[in-house]
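S.K.: Dropping a structure here in structure tokens format, bear with me for questions.
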Protein chains: 2
Amino acid sequence: MQLEIWSLGKENDAFIDEGLEYYFKKIRHYHPIRLTLLQTKGKQATTDIERVKLQEEELILSRLQPFHMLILLDERGKALTSPQWAHQLQSFMNQGAKVVVFLIGGAYGVTDVVRRRAAQVWSLSPLVFPHQLVRLIMAEQIYRSVSILNNLPYHHGERE
Amino acid sequence: MQLEIWSLGKENDAFIDEGLEYYFKKIRHYHPIRLTLLQTKGKQATTDIERVKLQEEELILSRLQPFHMLILLDERGKALTSPQWAHQLQSFMNQGAKVVVFLIGGAYGVTDVVRRRAAQVWSLSPLVFPHQLVRLIMAEQIYRSVSILNNLPYHHGERE
């Protein structure tokens with residue numbers, strides 16, 4: 001099962017890219033994983049929020065394939081615990097999902113069309129994080145899920 | 001008002017230190033801030049959880065001063081939003097707090113003695129994060145709070 005993180009927004013600062021690679025390397029012992037940045041063309045007028053959201057919708061839908069299991073990350077989503085993340089990933093594998101796409105929407109959220117396409121909507125925290133930190137948190141939680149499912153000592157054993 | 005993050009646990013990987021410095025630099029335009037790692041001596045037998053927690057308690061109490069406003073980060077704490085973090089920081093300033101200490105406890109949590117010493121107990125998320133990622137998340141949220149209180153465009157304006 002292939003894992004993908006899709007994120008609207010700017011490039012990462014170097015420390016985030018290093019952190020992503022740190023977790024991606026560990027995850028890749030179990031699943032292929034990559035980050036894809038989705039960037040709309042040109043500079044958007046940030047005042048026209050609806051137009052930005054529609055441009056982003058177009059970009060997201062143009063890349064989505066019918067076999068993509070889409071998980072939307074959104075503050076209005078369901079707040080899962082780490083073991084629940086692991087349980088969900090296992091259940092996607094059991095359902096025979098080929099590709100799971102974790103989508104981090106734009107600054108203004110996603111359109112209803114994108115939201116309805118998502119199999120599930122998850123929330124990381126009631127706190128607002130910058131996109132690049134969300135990408136890093138996602139990578140760490142995916143590694144944590146993988147470690148729970150494979151009985152690695154990471155989740156419970158290690159005192160970090 | 002000086003800000004301190006105290007954390008039990010291991011040293012940071014390089015990408016975390018870089019990320020901390022990235023946010024600390026921005027925060028220091030408004031408040032002094034630093035990370036202090038609290039490390040108990042020797043290698044602990046991880047099986048004797050109560051003993052580890054008592055060693056950590058001793059270490060924490062030996063450093064705490066009466067004028068330290070202690071905020072404990074703990075998954076059983078109150079889940080605040082980012083504007084609520086900012087509001088709390090403002091209220092500490094209004095109360096004349098000289099030093100706010102954000103304490104990230106050990107892998108097994110803190111003792112009741114430490115918990116009772118805390119002015120407040122905050123939770124970041126229902127997810128479990130490694131200590132070094134909690135340190136980075138804390139730094140970013142503190143910068144976000146500062147930016148909210150000083151009307152910087154970071155919290156709402158920037159599309160990241």
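Ligands are numbered from 1 in the order shown, residues from 1 within each chain, and chains are lettered A, B, ... in the order they appear in the structure tokens.
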As JSON, numbers by chain, could you give me every residue of chain B near chain A (at most 9 Å apart, counting only C-alpha atoms)?

M.R.: {"B": [8, 9, 10, 11, 13, 14, 15, 16, 17, 18, 19, 22, 46, 79, 80, 81, 82, 83, 106, 107, 108, 124, 125, 126, 127, 128, 129, 130, 131, 132, 133, 136, 137, 140, 141, 144, 155, 156, 157, 158, 159, 160]}

S.K.: Just the selected residues (C-alpha atoms), exported as a compact mmCIF listing (two decimals), in the first residue's frame, please.

M.R.:
# COMPACT_ATOMS: atom_id res chain seq x y z
CA LEU B 8 12.77 15.61 30.01
CA GLY B 9 14.24 13.20 27.51
CA LYS B 10 16.94 12.89 24.92
CA GLU B 11 18.85 15.48 22.92
CA ASP B 13 18.11 15.53 16.23
CA ALA B 14 19.69 18.30 14.15
CA PHE B 15 16.53 19.13 12.16
CA ILE B 16 14.65 19.83 15.40
CA ASP B 17 17.38 22.15 16.71
CA GLU B 18 17.29 24.03 13.41
CA GLY B 19 13.51 24.33 13.62
CA TYR B 22 13.97 29.26 13.38
CA THR B 46 12.82 1.59 32.38
CA ALA B 79 -7.08 21.29 24.75
CA LEU B 80 -6.73 24.99 23.97
CA THR B 81 -7.01 26.63 20.57
CA SER B 82 -4.22 28.89 19.28
CA PRO B 83 -6.10 32.13 20.16
CA GLY B 106 8.89 12.33 30.86
CA ALA B 107 7.68 9.29 28.94
CA TYR B 108 5.59 8.16 31.91
CA LEU B 124 -1.52 19.68 22.42
CA SER B 125 -3.47 16.90 20.76
CA PRO B 126 -4.97 13.46 21.41
CA LEU B 127 -2.04 12.16 19.35
CA VAL B 128 1.18 10.99 20.97
CA PHE B 129 4.26 12.86 19.70
CA PRO B 130 7.96 12.22 20.42
CA HIS B 131 9.45 14.72 22.86
CA GLN B 132 11.57 16.46 20.30
CA LEU B 133 8.55 17.09 18.06
CA LEU B 136 9.15 22.13 18.05
CA ILE B 137 5.35 22.32 18.16
CA GLU B 140 5.77 27.32 16.85
CA GLN B 141 2.66 27.81 19.01
CA ARG B 144 1.90 32.03 16.88
CA HIS B 155 -1.56 33.63 12.20
CA HIS B 156 -4.20 34.64 9.68
CA GLY B 157 -2.70 36.46 6.78
CA GLU B 158 0.09 34.24 5.53
CA ARG B 159 -0.70 31.45 3.10
CA GLU B 160 1.92 28.91 3.91

S.K.: Run DSSP on the backbone and tell me which residues of region 3-137 of chain B come out as strand (DSSP E or B); list them as JSON, numbers by chain.

M.R.: {"B": [3, 4, 5, 6, 7, 8, 33, 34, 35, 36, 37, 38, 68, 69, 70, 71, 72, 73, 74, 75, 76, 77, 78, 79, 99, 100, 101, 102, 103, 104, 120, 121, 122, 123]}

S.K.: Taking N, CA and C atoms for each residue, export the selection above as a compact mmCIF listing (two decimals), in the first residue's frame.

M.R.:
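Result written to selection.txt:
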# COMPACT_ATOMS: atom_id res chain seq x y z
N LEU B 3 10.36 33.30 28.64
CA LEU B 3 9.69 32.03 28.34
C LEU B 3 10.72 30.91 28.35
N GLU B 4 10.35 29.82 28.98
CA GLU B 4 11.25 28.67 29.02
C GLU B 4 10.49 27.40 28.67
N ILE B 5 11.13 26.55 27.89
CA ILE B 5 10.59 25.21 27.64
C ILE B 5 11.52 24.23 28.35
N TRP B 6 10.99 23.50 29.30
CA TRP B 6 11.77 22.48 30.00
C TRP B 6 11.29 21.12 29.50
N SER B 7 12.25 20.27 29.17
CA SER B 7 11.83 18.98 28.64
C SER B 7 12.71 17.86 29.17
N LEU B 8 12.07 16.84 29.70
CA LEU B 8 12.77 15.61 30.01
C LEU B 8 13.08 14.93 28.69
N ILE B 33 13.62 33.52 25.14
CA ILE B 33 13.11 32.14 25.21
C ILE B 33 14.26 31.18 25.07
N ARG B 34 14.18 30.07 25.78
CA ARG B 34 15.20 29.03 25.62
C ARG B 34 14.62 27.67 25.95
N LEU B 35 15.29 26.65 25.45
CA LEU B 35 14.95 25.26 25.77
C LEU B 35 15.96 24.73 26.77
N THR B 36 15.49 24.11 27.84
CA THR B 36 16.37 23.46 28.81
C THR B 36 16.03 21.98 28.86
N LEU B 37 17.02 21.13 28.59
CA LEU B 37 16.81 19.68 28.71
C LEU B 37 17.13 19.26 30.13
N LEU B 38 16.19 18.57 30.77
CA LEU B 38 16.41 18.06 32.12
C LEU B 38 16.74 16.58 31.99
N HIS B 68 8.28 31.16 39.25
CA HIS B 68 8.03 30.49 37.96
C HIS B 68 6.55 30.14 37.81
N MET B 69 5.96 30.62 36.74
CA MET B 69 4.58 30.23 36.39
C MET B 69 4.70 28.94 35.58
N LEU B 70 4.24 27.83 36.18
CA LEU B 70 4.46 26.51 35.56
C LEU B 70 3.24 26.04 34.77
N ILE B 71 3.46 25.78 33.48
CA ILE B 71 2.42 25.21 32.61
C ILE B 71 2.87 23.79 32.24
N LEU B 72 2.08 22.81 32.61
CA LEU B 72 2.42 21.42 32.30
C LEU B 72 1.75 21.01 30.99
N LEU B 73 2.54 20.43 30.10
CA LEU B 73 1.98 19.87 28.85
C LEU B 73 1.73 18.39 29.08
N ASP B 74 0.50 17.97 28.91
CA ASP B 74 0.13 16.60 29.27
C ASP B 74 -1.12 16.23 28.50
N GLU B 75 -1.15 14.99 28.00
CA GLU B 75 -2.28 14.60 27.16
C GLU B 75 -3.62 14.64 27.90
N ARG B 76 -3.55 14.59 29.26
CA ARG B 76 -4.81 14.68 30.02
C ARG B 76 -5.21 16.13 30.30
N GLY B 77 -4.45 17.07 29.76
CA GLY B 77 -4.72 18.48 30.03
C GLY B 77 -5.83 19.05 29.17
N LYS B 78 -6.00 20.36 29.28
CA LYS B 78 -7.05 21.07 28.55
C LYS B 78 -6.58 21.35 27.13
N ALA B 79 -7.42 21.04 26.16
CA ALA B 79 -7.08 21.29 24.75
C ALA B 79 -7.45 22.72 24.40
N VAL B 99 8.60 34.76 34.69
CA VAL B 99 9.08 33.61 33.92
C VAL B 99 7.94 32.61 33.77
N VAL B 100 7.63 32.23 32.53
CA VAL B 100 6.67 31.15 32.29
C VAL B 100 7.46 29.91 31.86
N VAL B 101 7.26 28.82 32.59
CA VAL B 101 7.94 27.56 32.28
C VAL B 101 6.94 26.58 31.69
N PHE B 102 7.18 26.18 30.44
CA PHE B 102 6.36 25.14 29.81
C PHE B 102 7.09 23.82 30.03
N LEU B 103 6.49 22.92 30.78
CA LEU B 103 7.16 21.66 31.12
C LEU B 103 6.59 20.48 30.32
N ILE B 104 7.49 19.84 29.55
CA ILE B 104 7.13 18.61 28.84
C ILE B 104 7.65 17.45 29.67
N GLN B 120 -1.40 25.52 35.32
CA GLN B 120 -2.37 25.00 34.35
C GLN B 120 -1.77 23.76 33.67
N VAL B 121 -2.66 22.91 33.16
CA VAL B 121 -2.24 21.72 32.41
C VAL B 121 -2.87 21.79 31.03
N TRP B 122 -2.01 21.83 30.01
CA TRP B 122 -2.49 21.98 28.64
C TRP B 122 -2.19 20.71 27.85
N SER B 123 -3.07 20.40 26.89
CA SER B 123 -2.84 19.27 25.99
C SER B 123 -2.68 19.80 24.57

S.K.: I'd like the superposed chain B, fitted onto chain A by least squares over all Cα atoms in order, as a short mmCIF file (atom, residue, chain, number, x, y, z; two decimals) with C-alpha atoms, in the first residue's frame.

M.R.:
data_model
loop_
_atom_site.label_atom_id
_atom_site.label_comp_id
_atom_site.auth_asym_id
_atom_site.auth_seq_id
_atom_site.Cartn_x
_atom_site.Cartn_y
_atom_site.Cartn_z
CA MET B 1 0.00 0.01 -0.01
CA GLN B 2 1.49 3.28 -1.13
CA LEU B 3 1.21 6.37 1.08
CA GLU B 4 1.11 9.91 -0.21
CA ILE B 5 0.95 13.27 1.53
CA TRP B 6 -0.47 15.98 -0.73
CA SER B 7 -0.17 19.52 0.48
CA LEU B 8 -1.18 22.88 -0.85
CA GLY B 9 1.11 25.73 0.07
CA LYS B 10 4.70 26.80 -0.01
CA GLU B 11 7.94 24.82 -0.19
CA ASN B 12 9.40 23.54 3.06
CA ASP B 13 12.19 25.17 5.01
CA ALA B 14 15.29 22.97 5.10
CA PHE B 15 14.73 21.69 8.66
CA ILE B 16 11.30 20.35 7.66
CA ASP B 17 12.69 18.54 4.61
CA GLU B 18 15.35 16.96 6.82
CA GLY B 19 12.70 15.88 9.33
CA LEU B 20 10.48 14.43 6.61
CA GLU B 21 13.38 12.42 5.22
CA TYR B 22 14.17 11.18 8.75
CA TYR B 23 10.67 9.67 9.10
CA PHE B 24 10.17 8.69 5.42
CA LYS B 25 13.31 6.54 5.55
CA LYS B 26 11.88 4.58 8.49
CA ILE B 27 8.42 4.27 6.90
CA ARG B 28 9.88 3.02 3.59
CA HIS B 29 10.90 -0.25 5.24
CA TYR B 30 7.15 -0.97 5.16
CA HIS B 31 5.45 1.31 2.60
CA PRO B 32 6.50 3.62 -0.22
CA ILE B 33 5.77 7.21 0.84
CA ARG B 34 6.26 10.64 -0.67
CA LEU B 35 5.23 14.26 -0.27
CA THR B 36 3.67 16.04 -3.25
CA LEU B 37 3.28 19.83 -3.16
CA LEU B 38 0.27 21.04 -5.12
CA GLN B 39 0.80 24.58 -6.28
CA THR B 40 -1.68 26.67 -8.21
CA LYS B 41 -0.25 28.80 -10.99
CA GLY B 42 0.63 32.44 -10.52
CA LYS B 43 0.15 34.66 -7.53
CA GLN B 44 -3.35 34.54 -6.15
CA ALA B 45 -5.25 37.53 -4.92
CA THR B 46 -5.63 36.37 -1.32
CA THR B 47 -8.76 38.50 -1.01
CA ASP B 48 -10.72 36.30 -3.40
CA ILE B 49 -10.93 33.28 -1.16
CA GLU B 50 -13.60 31.42 -3.11
CA ARG B 51 -11.60 31.69 -6.32
CA VAL B 52 -8.47 30.35 -4.62
CA LYS B 53 -10.44 27.42 -3.21
CA LEU B 54 -11.87 26.60 -6.66
CA GLN B 55 -8.40 26.70 -8.26
CA GLU B 56 -7.18 24.35 -5.55
CA GLU B 57 -10.19 22.07 -6.04
CA GLU B 58 -9.42 21.82 -9.77
CA LEU B 59 -5.79 20.97 -9.02
CA ILE B 60 -6.72 18.29 -6.46
CA LEU B 61 -9.40 16.65 -8.64
CA SER B 62 -7.12 16.61 -11.70
CA ARG B 63 -4.68 14.40 -9.77
CA LEU B 64 -7.10 12.15 -7.92
CA GLN B 65 -7.60 8.68 -9.33
CA PRO B 66 -10.64 6.52 -8.55
CA PHE B 67 -8.42 4.04 -6.66
CA HIS B 68 -7.05 6.74 -4.33
CA MET B 69 -8.31 6.42 -0.77
CA LEU B 70 -8.55 10.11 0.22
CA ILE B 71 -8.10 11.21 3.85
CA LEU B 72 -8.63 14.93 4.39
CA LEU B 73 -6.79 16.64 7.25
CA ASP B 74 -8.99 19.42 8.55
CA GLU B 75 -9.52 21.07 11.92
CA ARG B 76 -13.24 20.24 11.70
CA GLY B 77 -12.43 16.55 11.30
CA LYS B 78 -12.44 13.68 13.76
CA ALA B 79 -9.71 13.77 16.42
CA LEU B 80 -8.19 10.29 16.40
CA THR B 81 -5.63 8.92 18.83
CA SER B 82 -2.38 7.39 17.56
CA PRO B 83 -3.62 3.77 17.99
CA GLN B 84 -6.76 4.76 16.05
CA TRP B 85 -4.57 6.02 13.19
CA ALA B 86 -2.83 2.65 13.15
CA HIS B 87 -6.15 0.81 13.24
CA GLN B 88 -7.44 2.86 10.28
CA LEU B 89 -4.32 2.18 8.22
CA GLN B 90 -4.73 -1.53 8.91
CA SER B 91 -8.35 -1.38 7.86
CA PHE B 92 -7.39 0.37 4.57
CA MET B 93 -4.92 -2.46 3.92
CA ASN B 94 -7.60 -5.03 4.69
CA GLN B 95 -9.90 -3.29 2.20
CA GLY B 96 -7.18 -3.69 -0.42
CA ALA B 97 -6.45 0.04 -0.81
CA LYS B 98 -3.54 0.58 -3.24
CA VAL B 99 -2.84 4.24 -2.52
CA VAL B 100 -3.81 6.29 0.53
CA VAL B 101 -3.66 10.05 -0.05
CA PHE B 102 -3.46 12.31 3.01
CA LEU B 103 -4.55 15.75 1.83
CA ILE B 104 -3.56 18.91 3.71
CA GLY B 105 -5.85 21.59 2.28
CA GLY B 106 -5.06 25.22 1.60
CA ALA B 107 -5.12 28.11 4.07
CA TYR B 108 -8.87 28.55 3.57
CA GLY B 109 -9.79 24.87 3.70
CA VAL B 110 -11.18 22.84 0.80
CA THR B 111 -14.42 23.06 -1.18
CA ASP B 112 -17.43 20.89 -0.38
CA VAL B 113 -16.74 18.91 -3.56
CA VAL B 114 -13.33 17.86 -2.24
CA ARG B 115 -14.71 17.24 1.23
CA ARG B 116 -17.38 14.88 -0.13
CA ARG B 117 -14.74 12.96 -2.13
CA ALA B 118 -12.81 12.21 1.08
CA ALA B 119 -13.35 8.78 2.63
CA GLN B 120 -12.60 10.31 6.05
CA VAL B 121 -11.80 13.69 7.59
CA TRP B 122 -9.24 13.70 10.39
CA SER B 123 -8.13 16.49 12.72
CA LEU B 124 -4.63 16.66 14.25
CA SER B 125 -5.32 19.12 17.03
CA PRO B 126 -7.48 22.12 17.95
CA LEU B 127 -4.30 24.15 17.41
CA VAL B 128 -3.51 25.80 14.10
CA PHE B 129 -0.15 24.70 12.63
CA PRO B 130 1.70 26.02 9.57
CA HIS B 131 1.47 23.67 6.58
CA GLN B 132 5.07 22.61 6.72
CA LEU B 133 4.75 21.58 10.37
CA VAL B 134 1.57 19.63 9.55
CA ARG B 135 3.57 17.72 6.90
CA LEU B 136 6.17 16.79 9.51
CA ILE B 137 3.56 15.82 12.12
CA MET B 138 1.82 13.64 9.50
CA ALA B 139 5.07 11.85 8.64
CA GLU B 140 5.78 11.14 12.30
CA GLN B 141 2.25 9.85 12.95
CA ILE B 142 2.40 7.61 9.91
CA TYR B 143 5.68 6.16 11.18
CA ARG B 144 4.09 5.75 14.62
CA SER B 145 1.14 3.89 13.05
CA VAL B 146 3.50 1.63 11.12
CA SER B 147 5.47 0.94 14.30
CA ILE B 148 2.27 0.08 16.20
CA LEU B 149 1.13 -2.31 13.43
CA ASN B 150 4.56 -3.97 13.26
CA ASN B 151 5.17 -4.12 17.03
CA LEU B 152 8.24 -1.90 16.83
CA PRO B 153 9.34 -0.46 20.20
CA TYR B 154 8.93 3.15 18.96
CA HIS B 155 5.40 3.89 20.21
CA HIS B 156 5.60 2.58 23.75
CA GLY B 157 9.04 1.35 24.57
CA GLU B 158 11.37 4.18 23.65
CA ARG B 159 12.00 6.94 26.15
CA GLU B 160 12.69 9.88 23.94
#

S.K.: Please extract the residues of chain A with a backbone DSSP assignment of alpha helix (DSSP H) and present them as a VMD selection string.

M.R.: chain A and resid 14 to 27 49 to 63 82 to 94 112 to 117 131 to 149
